[in-house]
file query.cif (mmCIF, C-alpha atoms and all ligand atoms)
data_data
loop_
_atom_site.label_atom_id
_atom_site.label_comp_id
_atom_site.auth_asym_id
_atom_site.auth_seq_id
_atom_site.Cartn_x
_atom_site.Cartn_y
_atom_site.Cartn_z
CA MET M 209 0.30 -4.45 -39.93
CA THR M 210 1.36 -8.10 -40.06
CA ASP M 211 4.04 -7.37 -37.46
CA ARG M 212 1.48 -5.68 -35.26
CA ARG M 213 -0.90 -8.62 -35.42
CA HIS M 214 1.97 -11.01 -34.74
CA PHE M 215 2.95 -8.93 -31.71
CA LEU M 216 -0.59 -8.80 -30.39
CA LYS M 217 -0.93 -12.55 -30.71
CA ASN M 218 2.39 -13.20 -28.97
CA THR M 219 1.70 -10.70 -26.23
CA LEU M 220 -1.73 -12.08 -25.52
CA ALA M 221 -0.37 -15.61 -25.53
CA ALA M 222 2.30 -14.60 -23.04
CA GLY M 223 -0.25 -13.05 -20.70
CA GLY M 224 0.82 -9.46 -21.24
CA THR M 225 -2.60 -8.32 -22.44
CA ALA M 226 -2.58 -4.80 -21.14
CA PHE M 227 0.88 -3.70 -22.20
CA LEU M 228 -0.51 -1.94 -25.25
CA SER M 229 -2.97 0.27 -23.49
CA SER M 230 -0.49 1.28 -20.82
CA PHE M 231 2.41 2.14 -23.05
CA VAL M 232 0.58 3.58 -26.03
CA SER M 233 2.77 6.65 -26.10
CA LEU M 234 5.83 4.61 -27.06
CA PRO M 235 6.90 4.13 -30.64
CA GLU M 236 5.47 0.79 -31.64
CA LYS M 237 8.75 -0.70 -32.80
CA LYS M 238 10.45 0.02 -29.51
CA LEU M 239 7.51 -1.45 -27.64
CA LEU M 240 7.75 -4.59 -29.73
CA GLU M 241 11.43 -5.06 -28.94
CA ILE M 242 11.06 -4.45 -25.22
CA ASN M 243 8.07 -6.60 -24.60
CA GLN M 244 9.04 -9.62 -26.65
CA GLU M 245 12.33 -9.88 -24.80
CA SER M 246 11.09 -8.91 -21.38
CA LEU M 247 8.17 -11.29 -21.37
CA LYS M 248 10.62 -14.18 -21.62
CA LYS M 249 12.35 -13.15 -18.39
CA SER M 250 11.49 -14.30 -14.91
CA PRO M 251 10.36 -11.53 -12.49
CA THR M 252 13.77 -11.67 -10.80
CA GLU M 253 15.63 -11.33 -14.09
CA LEU M 254 13.34 -8.54 -15.22
CA ALA M 255 13.85 -6.68 -11.93
CA SER M 256 17.27 -5.45 -13.06
CA ASP M 257 16.33 -4.79 -16.70
CA GLU M 258 16.75 -1.02 -16.63
CA ASP M 259 15.61 -0.63 -20.26
CA PHE M 260 12.29 -2.24 -19.48
CA TRP M 261 11.66 -0.19 -16.36
CA ALA M 262 12.72 3.01 -18.15
CA GLN M 263 9.61 2.51 -20.30
CA MET M 264 7.52 2.18 -17.15
CA LYS M 265 8.48 5.75 -16.29
CA GLN M 266 6.90 6.81 -19.60
CA ALA M 267 3.55 5.56 -18.32
CA TYR M 268 3.72 8.23 -15.57
CA THR M 269 3.89 12.02 -15.61
CA VAL M 270 6.38 12.28 -12.75
CA SER M 271 8.74 15.23 -12.49
CA PRO M 272 11.96 14.73 -14.45
CA ASN M 273 13.73 17.14 -12.10
CA ILE M 274 12.73 16.14 -8.59
CA ILE M 275 13.33 12.57 -7.50
CA ASN M 276 10.35 11.45 -5.48
CA LEU M 277 11.30 8.74 -3.01
CA ASN M 278 8.27 9.19 -0.79
CA ASN M 279 5.85 6.90 -2.59
CA GLY M 280 4.86 5.49 0.78
CA GLY M 281 2.88 8.63 1.61
CA VAL M 282 0.91 8.63 -1.61
CA SER M 283 1.86 7.42 -5.08
CA PRO M 284 1.33 9.16 -8.41
CA ALA M 285 -1.26 7.68 -10.76
CA PRO M 286 -0.08 6.57 -14.21
CA LYS M 287 -1.34 8.50 -17.24
CA VAL M 288 -4.09 5.99 -18.02
CA VAL M 289 -5.55 6.49 -14.55
CA GLN M 290 -5.26 10.28 -14.71
CA GLU M 291 -6.90 10.32 -18.15
CA SER M 292 -9.72 8.09 -17.00
CA LEU M 293 -10.29 10.34 -14.00
CA SER M 294 -10.35 13.51 -16.15
CA ARG M 295 -12.70 11.90 -18.66
CA LEU M 296 -15.11 10.74 -15.97
CA ASN M 297 -14.92 14.08 -14.25
CA ALA M 298 -15.76 15.89 -17.48
CA TYR M 299 -18.78 13.62 -18.01
CA SER M 300 -19.89 14.16 -14.43
CA ASN M 301 -19.92 17.87 -14.93
CA GLU M 302 -22.16 17.64 -18.00
CA ALA M 303 -25.05 16.51 -15.79
CA PRO M 304 -23.74 15.24 -12.45
CA SER M 305 -26.77 13.43 -11.13
CA TYR M 306 -27.38 11.72 -14.46
CA TYR M 307 -23.81 10.70 -15.30
CA MET M 308 -22.77 9.80 -11.75
CA TRP M 309 -25.89 8.18 -10.36
CA ARG M 310 -27.31 6.61 -13.50
CA ILE M 311 -24.32 5.85 -15.71
CA MET M 312 -21.18 5.55 -13.55
CA SER M 313 -23.00 3.84 -10.71
CA GLN M 314 -23.33 0.84 -12.99
CA GLY M 315 -19.60 0.33 -12.70
CA LYS M 316 -19.73 -0.01 -8.90
CA GLU M 317 -20.47 -3.73 -8.63
CA PRO M 318 -18.03 -4.75 -11.40
CA LEU M 319 -15.35 -2.70 -9.60
CA ARG M 320 -16.17 -4.42 -6.31
CA GLU M 321 -15.84 -7.80 -8.04
CA ASN M 322 -12.52 -6.85 -9.65
CA LEU M 323 -11.07 -5.60 -6.38
CA ALA M 324 -12.27 -8.71 -4.57
CA LYS M 325 -10.76 -11.00 -7.18
CA PHE M 326 -7.46 -9.17 -6.95
CA ALA M 327 -7.56 -9.37 -3.14
CA GLY M 328 -8.55 -13.06 -3.11
CA VAL M 329 -11.80 -12.54 -1.15
CA SER M 330 -15.54 -12.39 -1.81
CA PRO M 331 -17.05 -9.21 -3.33
CA GLU M 332 -19.66 -9.42 -0.56
CA GLU M 333 -16.86 -8.54 1.87
CA ILE M 334 -15.46 -5.48 0.07
CA ALA M 335 -16.52 -1.85 0.59
CA ILE M 336 -14.99 0.95 -1.46
CA ASN M 337 -14.17 4.17 0.36
CA ARG M 338 -11.64 7.00 0.48
CA ASN M 339 -8.57 5.76 2.34
CA ALA M 340 -7.14 3.41 4.94
CA THR M 341 -8.02 5.82 7.73
CA GLU M 342 -11.70 5.63 6.79
CA SER M 343 -11.58 1.82 6.43
CA LEU M 344 -9.79 1.15 9.70
CA ASP M 345 -11.68 3.79 11.67
CA THR M 346 -14.92 2.19 10.44
CA ILE M 347 -13.79 -1.06 12.02
CA ILE M 348 -12.31 0.41 15.19
CA MET M 349 -15.22 2.76 15.91
CA GLY M 350 -17.83 0.22 14.82
CA MET M 351 -16.85 -2.70 17.03
CA LYS M 352 -19.01 -3.56 20.02
CA LEU M 353 -16.56 -3.28 22.91
CA LYS M 354 -17.31 -2.53 26.54
CA ALA M 355 -15.36 -1.08 29.46
CA GLY M 356 -12.56 -3.43 30.51
CA ASP M 357 -12.24 -5.17 27.13
CA GLU M 358 -8.59 -5.25 26.07
CA VAL M 359 -7.06 -4.38 22.71
CA ILE M 360 -3.42 -5.10 21.81
CA LEU M 361 -1.54 -2.70 19.57
CA SER M 362 1.86 -1.10 19.05
CA LYS M 363 3.24 2.43 19.20
CA TYR M 364 4.52 1.73 15.66
CA ASP M 365 0.96 1.33 14.33
CA TYR M 366 -0.21 4.29 12.27
CA PRO M 367 -1.09 7.36 14.42
CA ASN M 368 -4.64 7.70 13.02
CA MET M 369 -5.43 4.19 14.18
CA GLN M 370 -3.86 4.82 17.58
CA HIS M 371 -6.05 7.94 17.83
CA ALA M 372 -9.16 5.90 17.08
CA TRP M 373 -8.29 3.28 19.71
CA ARG M 374 -7.45 6.00 22.24
CA GLN M 375 -10.79 7.67 21.57
CA ARG M 376 -12.49 4.36 22.39
CA GLU M 377 -10.38 4.11 25.53
CA LEU M 378 -11.52 7.59 26.55
CA ARG M 379 -15.13 7.15 25.60
CA ASP M 380 -15.85 3.50 26.36
CA GLY M 381 -13.23 2.56 28.93
CA ILE M 382 -11.58 -0.16 26.85
CA VAL M 383 -8.01 -1.01 27.92
CA LEU M 384 -5.10 -0.60 25.50
CA LYS M 385 -2.19 -3.01 25.91
CA TRP M 386 0.92 -1.87 24.09
CA VAL M 387 3.48 -4.31 22.68
CA ASN M 388 7.08 -3.19 22.78
CA LEU M 389 8.54 -3.81 19.31
CA LYS M 390 12.27 -3.49 18.67
CA LEU M 391 12.76 -2.62 15.02
CA PRO M 392 14.04 -3.93 12.70
CA ALA M 393 13.03 -7.44 13.71
CA GLU M 394 13.97 -10.66 11.94
CA ASP M 395 12.49 -13.39 14.11
CA LYS M 396 8.86 -14.27 13.45
CA ALA M 397 8.51 -16.43 16.54
CA GLU M 398 9.86 -13.65 18.74
CA LEU M 399 7.42 -11.13 17.21
CA VAL M 400 4.48 -13.47 17.81
CA LYS M 401 5.66 -13.99 21.40
CA ILE M 402 5.63 -10.24 22.04
CA TYR M 403 1.92 -10.15 21.12
CA GLN M 404 1.21 -13.37 22.99
CA GLU M 405 2.63 -11.91 26.20
CA GLN M 406 -0.08 -9.21 26.15
CA MET M 407 -2.99 -11.63 25.60
CA THR M 408 -5.30 -12.23 28.56
CA GLU M 409 -8.81 -13.56 29.12
CA LYS M 410 -10.06 -10.01 28.53
CA THR M 411 -8.37 -9.50 25.16
CA LYS M 412 -10.91 -9.00 22.39
CA VAL M 413 -8.83 -7.55 19.55
CA VAL M 414 -5.29 -7.47 18.22
CA HIS M 415 -4.48 -4.59 15.86
CA VAL M 416 -1.46 -5.28 13.66
CA THR M 417 0.11 -3.39 10.77
CA HIS M 418 1.18 -5.65 7.91
CA MET M 419 4.03 -3.34 6.88
CA ILE M 420 5.00 -0.72 9.42
CA ASN M 421 5.07 2.62 7.63
CA TRP M 422 8.00 4.08 9.57
CA ASN M 423 10.66 1.57 8.48
CA GLY M 424 8.97 -0.98 6.20
CA GLN M 425 9.00 -3.82 8.76
CA ILE M 426 6.79 -6.70 7.58
CA MET M 427 4.90 -8.28 10.47
CA PRO M 428 3.91 -11.97 10.70
CA VAL M 429 0.17 -11.19 10.55
CA LYS M 430 -0.90 -14.75 9.76
CA GLU M 431 0.99 -16.25 12.69
CA ILE M 432 -0.28 -13.57 15.08
CA ALA M 433 -3.83 -14.08 13.77
CA ASP M 434 -3.67 -17.87 14.15
CA LEU M 435 -2.54 -17.51 17.74
CA ALA M 436 -5.18 -14.85 18.46
CA HIS M 437 -7.95 -17.02 17.02
CA SER M 438 -6.92 -19.91 19.25
CA LYS M 439 -7.85 -17.59 22.14
CA ASN M 440 -11.08 -16.23 20.54
CA ILE M 441 -9.43 -12.90 19.81
CA GLU M 442 -10.22 -11.05 16.57
CA VAL M 443 -7.57 -9.43 14.39
CA VAL M 444 -7.63 -6.07 12.60
CA CYS M 445 -4.96 -5.72 9.93
CA ASP M 446 -3.71 -2.41 8.54
CA GLY M 447 -2.71 -3.28 4.98
CA ALA M 448 -2.06 0.27 3.78
CA HIS M 449 1.49 -0.54 2.70
CA THR M 450 1.30 -4.05 1.32
CA PHE M 451 -1.77 -4.02 -0.95
CA ALA M 452 -0.49 -4.12 -4.57
CA HIS M 453 3.08 -3.99 -3.22
CA ILE M 454 3.75 -7.48 -1.89
CA ASP M 455 2.32 -10.31 -3.99
CA HIS M 456 -0.31 -11.78 -1.65
CA LYS M 457 -4.04 -12.12 -1.03
CA ILE M 458 -5.92 -10.73 1.97
CA SER M 459 -7.06 -14.28 2.67
CA ASP M 460 -3.39 -15.30 3.22
CA LEU M 461 -3.31 -13.07 6.31
CA HIS M 462 -6.00 -14.95 8.28
CA CYS M 463 -7.22 -11.68 9.78
CA ASP M 464 -10.87 -10.72 10.42
CA TYR M 465 -10.85 -7.08 9.37
CA TYR M 466 -8.63 -5.22 6.91
CA GLY M 467 -8.26 -1.69 5.58
CA THR M 468 -6.05 -0.21 2.90
CA SER M 469 -5.55 2.89 0.79
CA LEU M 470 -5.62 2.42 -2.97
CA HIS M 471 -3.72 5.66 -3.69
CA LYS M 472 -0.51 4.21 -2.25
CA TRP M 473 1.02 1.18 -3.99
CA LEU M 474 -1.86 0.53 -6.42
CA CYS M 475 -1.50 4.07 -7.85
CA ALA M 476 -5.28 4.61 -7.94
CA PRO M 477 -6.64 8.18 -7.80
CA ILE M 478 -5.81 10.16 -4.67
CA GLY M 479 -8.63 9.67 -2.17
CA SER M 480 -9.43 5.99 -2.76
CA GLY M 481 -9.47 3.11 -0.27
CA MET M 482 -10.91 -0.27 0.52
CA LEU M 483 -12.38 -2.03 3.52
CA TRP M 484 -12.61 -5.80 3.91
CA ILE M 485 -14.59 -7.54 6.64
CA LYS M 486 -15.00 -11.29 6.92
CA LYS M 487 -18.63 -12.05 6.05
CA GLU M 488 -19.50 -13.48 9.46
CA HIS M 489 -18.42 -10.25 11.22
CA ILE M 490 -20.18 -7.68 9.00
CA SER M 491 -23.48 -7.63 10.88
CA LYS M 492 -21.87 -6.82 14.22
CA ILE M 493 -19.93 -3.74 13.04
CA TYR M 494 -21.81 -0.44 13.20
CA PRO M 495 -21.08 1.76 10.16
CA LEU M 496 -19.26 5.05 10.78
CA VAL M 497 -21.87 6.78 8.58
CA PRO M 498 -25.09 4.91 9.35
CA ASN M 499 -27.65 3.73 6.83
CA ASP M 500 -31.17 2.47 7.58
CA THR M 501 -29.99 -1.05 8.52
CA PRO M 502 -26.80 -0.58 10.53
CA LEU M 503 -26.72 -4.19 11.73
CA SER M 504 -27.31 -5.82 8.36
CA ASP M 505 -24.73 -8.21 6.93
CA ASP M 506 -24.56 -6.32 3.63
CA ILE M 507 -21.08 -4.80 3.20
CA ARG M 508 -22.70 -1.93 1.24
CA LYS M 509 -23.94 -0.47 4.52
CA PHE M 510 -20.42 0.98 4.88
CA GLU M 511 -20.79 2.98 1.67
CA ASN M 512 -23.47 5.38 2.84
CA LEU M 513 -21.20 8.39 2.72
CA GLY M 514 -23.47 10.69 0.73
CA THR M 515 -22.35 12.48 -2.40
CA ARG M 516 -18.73 11.81 -3.24
CA SER M 517 -16.54 11.49 -6.34
CA PHE M 518 -17.70 8.67 -8.60
CA PRO M 519 -14.87 9.50 -11.06
CA ILE M 520 -12.28 8.73 -8.34
CA GLU M 521 -13.98 5.43 -7.56
CA GLN M 522 -14.44 4.37 -11.15
CA ALA M 523 -10.87 5.19 -12.15
CA ILE M 524 -9.68 2.64 -9.55
CA GLY M 525 -10.55 0.05 -12.22
CA GLU M 526 -7.93 1.54 -14.53
CA ALA M 527 -5.31 1.34 -11.76
CA LEU M 528 -6.17 -2.32 -11.29
CA ASN M 529 -5.70 -2.91 -15.03
CA PHE M 530 -2.35 -1.20 -14.81
CA GLN M 531 -1.35 -3.41 -11.88
CA TYR M 532 -2.27 -6.50 -13.91
CA THR M 533 -0.20 -5.13 -16.77
CA ILE M 534 2.92 -5.07 -14.64
CA GLY M 535 2.02 -8.25 -12.74
CA ASN M 536 2.25 -8.63 -8.97
CA GLU M 537 5.34 -10.78 -9.04
CA ARG M 538 7.21 -8.50 -11.43
CA LYS M 539 6.30 -5.46 -9.38
CA GLU M 540 7.35 -6.95 -6.06
CA ALA M 541 10.64 -8.20 -7.52
CA ARG M 542 11.44 -4.77 -8.98
CA LEU M 543 10.56 -2.92 -5.78
CA ARG M 544 12.69 -5.30 -3.76
CA TYR M 545 15.55 -4.91 -6.22
CA LEU M 546 15.39 -1.12 -5.93
CA LYS M 547 15.46 -1.23 -2.12
CA ASN M 548 18.42 -3.61 -2.14
CA TYR M 549 20.20 -1.49 -4.76
CA TRP M 550 20.60 1.49 -2.41
CA ALA M 551 20.37 -0.23 0.97
CA THR M 552 23.27 -2.63 0.35
CA GLU M 553 25.47 0.39 -0.47
CA VAL M 554 24.28 2.43 2.48
CA ILE M 555 25.37 -0.19 5.00
CA LYS M 556 28.96 0.30 3.83
CA MET M 557 28.88 4.05 4.52
CA GLU M 558 30.23 5.69 7.63
CA ARG M 559 27.78 7.06 10.21
CA THR M 560 24.77 5.49 8.51
CA ARG M 561 22.41 2.98 10.11
CA LEU M 562 19.95 0.98 8.08
CA ASN M 563 16.90 0.52 10.28
CA THR M 564 15.22 -2.04 8.02
CA SER M 565 15.90 -5.74 7.61
CA LEU M 566 17.33 -6.88 4.29
CA LEU M 567 15.69 -10.31 4.62
CA PRO M 568 12.89 -10.78 2.07
CA ASN M 569 10.35 -11.91 4.68
CA PHE M 570 10.76 -8.70 6.65
CA SER M 571 10.83 -5.88 4.08
CA CYS M 572 10.26 -4.92 0.44
CA ALA M 573 10.38 -1.44 -1.17
CA LEU M 574 10.22 0.72 1.92
CA ALA M 575 13.23 1.27 4.22
CA HIS M 576 14.60 3.69 6.75
CA VAL M 577 18.11 5.04 7.19
CA GLY M 578 19.56 7.16 9.97
CA MET M 579 22.89 8.94 10.31
CA ASP M 580 24.81 9.49 13.55
CA GLY M 581 24.77 13.14 14.56
CA LEU M 582 21.99 14.16 12.16
CA GLU M 583 18.32 14.59 12.96
CA ALA M 584 15.62 13.26 10.62
CA GLY M 585 14.54 16.77 9.58
CA GLU M 586 18.13 17.86 8.84
CA MET M 587 18.80 14.77 6.73
CA GLU M 588 15.67 15.31 4.70
CA SER M 589 16.06 19.05 4.17
CA LYS M 590 19.79 18.96 3.34
CA LEU M 591 19.28 16.08 0.90
CA PHE M 592 16.48 17.93 -0.83
CA ALA M 593 18.22 21.31 -0.86
CA LYS M 594 21.32 20.02 -2.65
CA TYR M 595 20.15 16.92 -4.52
CA LYS M 596 16.41 17.51 -4.98
CA VAL M 597 15.71 14.03 -3.67
CA HIS M 598 12.39 14.01 -1.82
CA THR M 599 12.16 11.62 1.15
CA SER M 600 10.12 11.41 4.32
CA PRO M 601 11.77 12.64 7.55
CA THR M 602 10.86 9.98 10.06
CA LYS M 603 11.45 10.46 13.75
CA TRP M 604 9.22 8.10 15.66
CA GLU M 605 9.86 6.06 18.81
CA ALA M 606 13.43 4.72 18.40
CA LEU M 607 13.73 5.71 14.71
CA ASN M 608 15.43 8.91 13.60
CA GLY M 609 16.25 9.33 9.93
CA ILE M 610 14.63 9.32 6.51
CA ARG M 611 12.26 6.85 4.92
CA ILE M 612 13.02 5.92 1.33
CA ALA M 613 10.21 4.53 -0.81
CA PRO M 614 10.85 4.10 -4.55
CA HIS M 615 8.13 2.93 -6.96
CA VAL M 616 8.02 1.16 -10.34
CA TYR M 617 8.95 4.35 -12.20
CA THR M 618 12.12 4.84 -10.11
CA SER M 619 15.38 4.16 -11.96
CA THR M 620 18.71 3.04 -10.57
CA ARG M 621 20.02 6.39 -11.86
CA ASP M 622 17.63 8.06 -9.40
CA LEU M 623 19.00 5.86 -6.64
CA ASP M 624 22.59 6.69 -7.60
CA ARG M 625 21.69 10.30 -6.94
CA LEU M 626 20.22 9.32 -3.57
CA LEU M 627 23.48 7.53 -2.74
CA ASP M 628 25.53 10.60 -3.80
CA GLY M 629 23.33 12.65 -1.50
CA LEU M 630 23.78 10.29 1.41
CA GLN M 631 27.57 10.30 0.88
CA TYR M 632 27.42 14.08 1.04
CA LEU M 633 25.42 13.94 4.30
CA ALA M 634 27.88 11.46 5.79
CA LYS M 635 30.73 13.93 5.23
CA LEU M 636 28.99 16.95 6.78
C1 LIG M 701 0.40 2.00 7.97
C2 LIG M 701 -0.57 3.06 7.53
N1 LIG M 701 -1.85 2.92 7.82
C3 LIG M 701 -2.78 3.83 7.46
C4 LIG M 701 -2.41 4.95 6.77
C5 LIG M 701 -3.46 5.96 6.43
O1 LIG M 701 -3.59 6.09 5.06
P1 LIG M 701 -4.51 7.25 4.48
O2 LIG M 701 -3.82 8.54 4.77
O3 LIG M 701 -4.55 6.97 3.02
O4 LIG M 701 -5.81 7.13 5.15
C6 LIG M 701 -1.07 5.16 6.44
C7 LIG M 701 -0.66 6.36 5.71
O5 LIG M 701 0.49 6.61 5.44
C8 LIG M 701 -0.14 4.18 6.84
O6 LIG M 701 1.16 4.34 6.57
#

call {"tool": "encode", "arguments": {"input": "query.cif", "output": "structure tokens"}}
result
Amino acid sequence: MTDRRHFLKNTLAAGGTAFLSSFVSLPEKKLLEINQESLKKSPTELASDEDFWAQMKQAYTVSPNIINLNNGGVSPAPKVVQESLSRLNAYSNEAPSYYMWRIMSQGKEPLRENLAKFAGVSPEEIAINRNATESLDTIIMGMKLKAGDEVILSKYDYPNMQHAWRQRELRDGIVLKWVNLKLPAEDKAELVKIYQEQMTEKTKVVHVTHMINWNGQIMPVKEIADLAHSKNIEVVCDGAHTFAHIDHKISDLHCDYYGTSLHKWLCAPIGSGMLWIKKEHISKIYPLVPNDTPLSDDIRKFENLGTRSFPIEQAIGEALNFQYTIGNERKEARLRYLKNYWATEVIKMERTRLNTSLLPNFSCALAHVGMDGLEAGEMESKLFAKYKVHTSPTKWEALNGIRIAPHVYTSTRDLDRLLDGLQYLAKL
């Protein structure tokens, strides 16, 4: 008991307040040893501490037999999040309208505040919804644009967002100006110039993806936004892949509009997302699902979806707690370490091409590798058939290969198996 109190005091003092709740399934003594030592390490030192991260896996219920390296598509929720979701769901089904609308609804504003604090913005600018597609489509479809207005975007932006812009082109006669990105890119100034070249007097919006999903390219959103603003152009940022992945705040990006999924890197329940709109722009965006005051400046006008899952929304709070438990810096350092672990080996292999920069400013966990003579689909299916390593076959524009996206529960042993698999592919 004395030891336990001593541990609690030390842990709290060191800022690791949530370790207990997240790792409750571990024997207490083991927990004590791991955390006391690990809390003394810097994020970079901790990144390669395999014993520490092995415990992280215990917080998840991931398959011990299949190695999931497609966490970019959607990430698993840790046990605490799954349990919270099941609990809330069970309550909801006791008397849905009572538990959801009278009890759980009271958690809505605290959740908004917690998300806003984590994102470094005002709660009055945050709407909670179901995914990045819903957030970004709300912005794209809700903007007042007229025939001839120009929007700059890239063929590497996410297809759903391209669809939304193309629908506006078809319906409203806006003009889409496509930048020609060559990936991977490692020169911020050059990237900004590519966007600048498309800007004209008619440009109203630049759409930019913070981390390009196909190969993990990080884009200089802030620099592009600063330039755009100097020409009275607004900026929409797709943050689906950087929220709770790269240690940053939305406010660092200098954009005007932002959408993200919370079921990707935050590990919130599947079907959760977040929209952010700078306060001064809220009133001019029409909601996708209208309420009675579509031009109000209350961000809640974007939450008029009708009946939806309150348990999913409320369990986002548990995912946020879990994120704080790990710590943004620790998480980013580990994810970066994992990417470098396999990618620095892959570049030595025959036939393989790494299509992602290894420079810290231009990538983090997510990367893409191709192999001469093999199609994306073949790489993915052969790797899975023999090694049971699940990746994402990615053939898009100039990219042809597989996308590898580990998460905090991934071990270097998992990545050794990936490397064995890639060696096998290289010899086919
Ligand atoms: C860059 C990017 N934006 C948006 C999305 C859409 O996310 P969701 O399917 O959660 O709406 C994705 C999904 O992978 C993505 O990679």

call {"tool": "residues_near_ligand", "arguments": {"input": "query.cif", "ligand": "ligand LIG 701 (chain M)", "cutoff": "7 Å", "atoms": "only C-alpha atoms and all ligand atoms", "output": "list in words"}}
result
Gly280, Gly281, Asn339, Ala340, Thr341, Glu342, Asp365, Tyr366, Asn368, Thr417, Met419, Ile420, Asn421, Asp446, Gly447, Ala448, His449, Thr468, Ser469 and His471 of chain M

call {"tool": "closest_residue", "arguments": {"input": "query.cif", "among": "M:Gln370, M:His456, M:Leu567, M:Asn301", "to": "Asn548 (chain M)", "atoms": "all atoms listed in the file"}}
result
M:Leu567

call {"tool": "residues_around", "arguments": {"input": "query.cif", "residues": "region 260-276 of chain M", "least_positions_apart": "4", "cutoff": "6 Å", "atoms": "only C-alpha atoms", "output": "list in words"}}
result
Phe231, Pro286, Lys287, Lys596, Val597, His598 and Tyr617 of chain M

call {"tool": "residues_around", "arguments": {"input": "query.cif", "residues": "region 255-259 of chain M", "least_positions_apart": "2", "cutoff": "12 Å", "atoms": "all atoms listed in the file", "output": "PyMOL selection string"}}
result
chain M and resi 238-239+241-243+245-247+249-253+261-266+534-535+537-549+616-622

call {"tool": "atom_distance", "arguments": {"input": "query.cif", "atom1": "CA of Ser300 (chain M)", "atom2": "CA of Arg320 (chain M)"}}
result
20.6 Å

call {"tool": "atom_distance", "arguments": {"input": "query.cif", "atom1": "CA of Lys325 (chain M)", "atom2": "CA of Gln531 (chain M)"}}
result
13.0 Å

call {"tool": "closest_residue", "arguments": {"input": "query.cif", "among": "M:Ile454, M:Met579, M:Ala551, M:Leu296", "to": "Met312 (chain M)", "atoms": "all atoms listed in the file"}}
result
M:Leu296

call {"tool": "atom_distance", "arguments": {"input": "query.cif", "atom1": "CA of Ala573 (chain M)", "atom2": "CA of Cys475 (chain M)"}}
result
14.7 Å
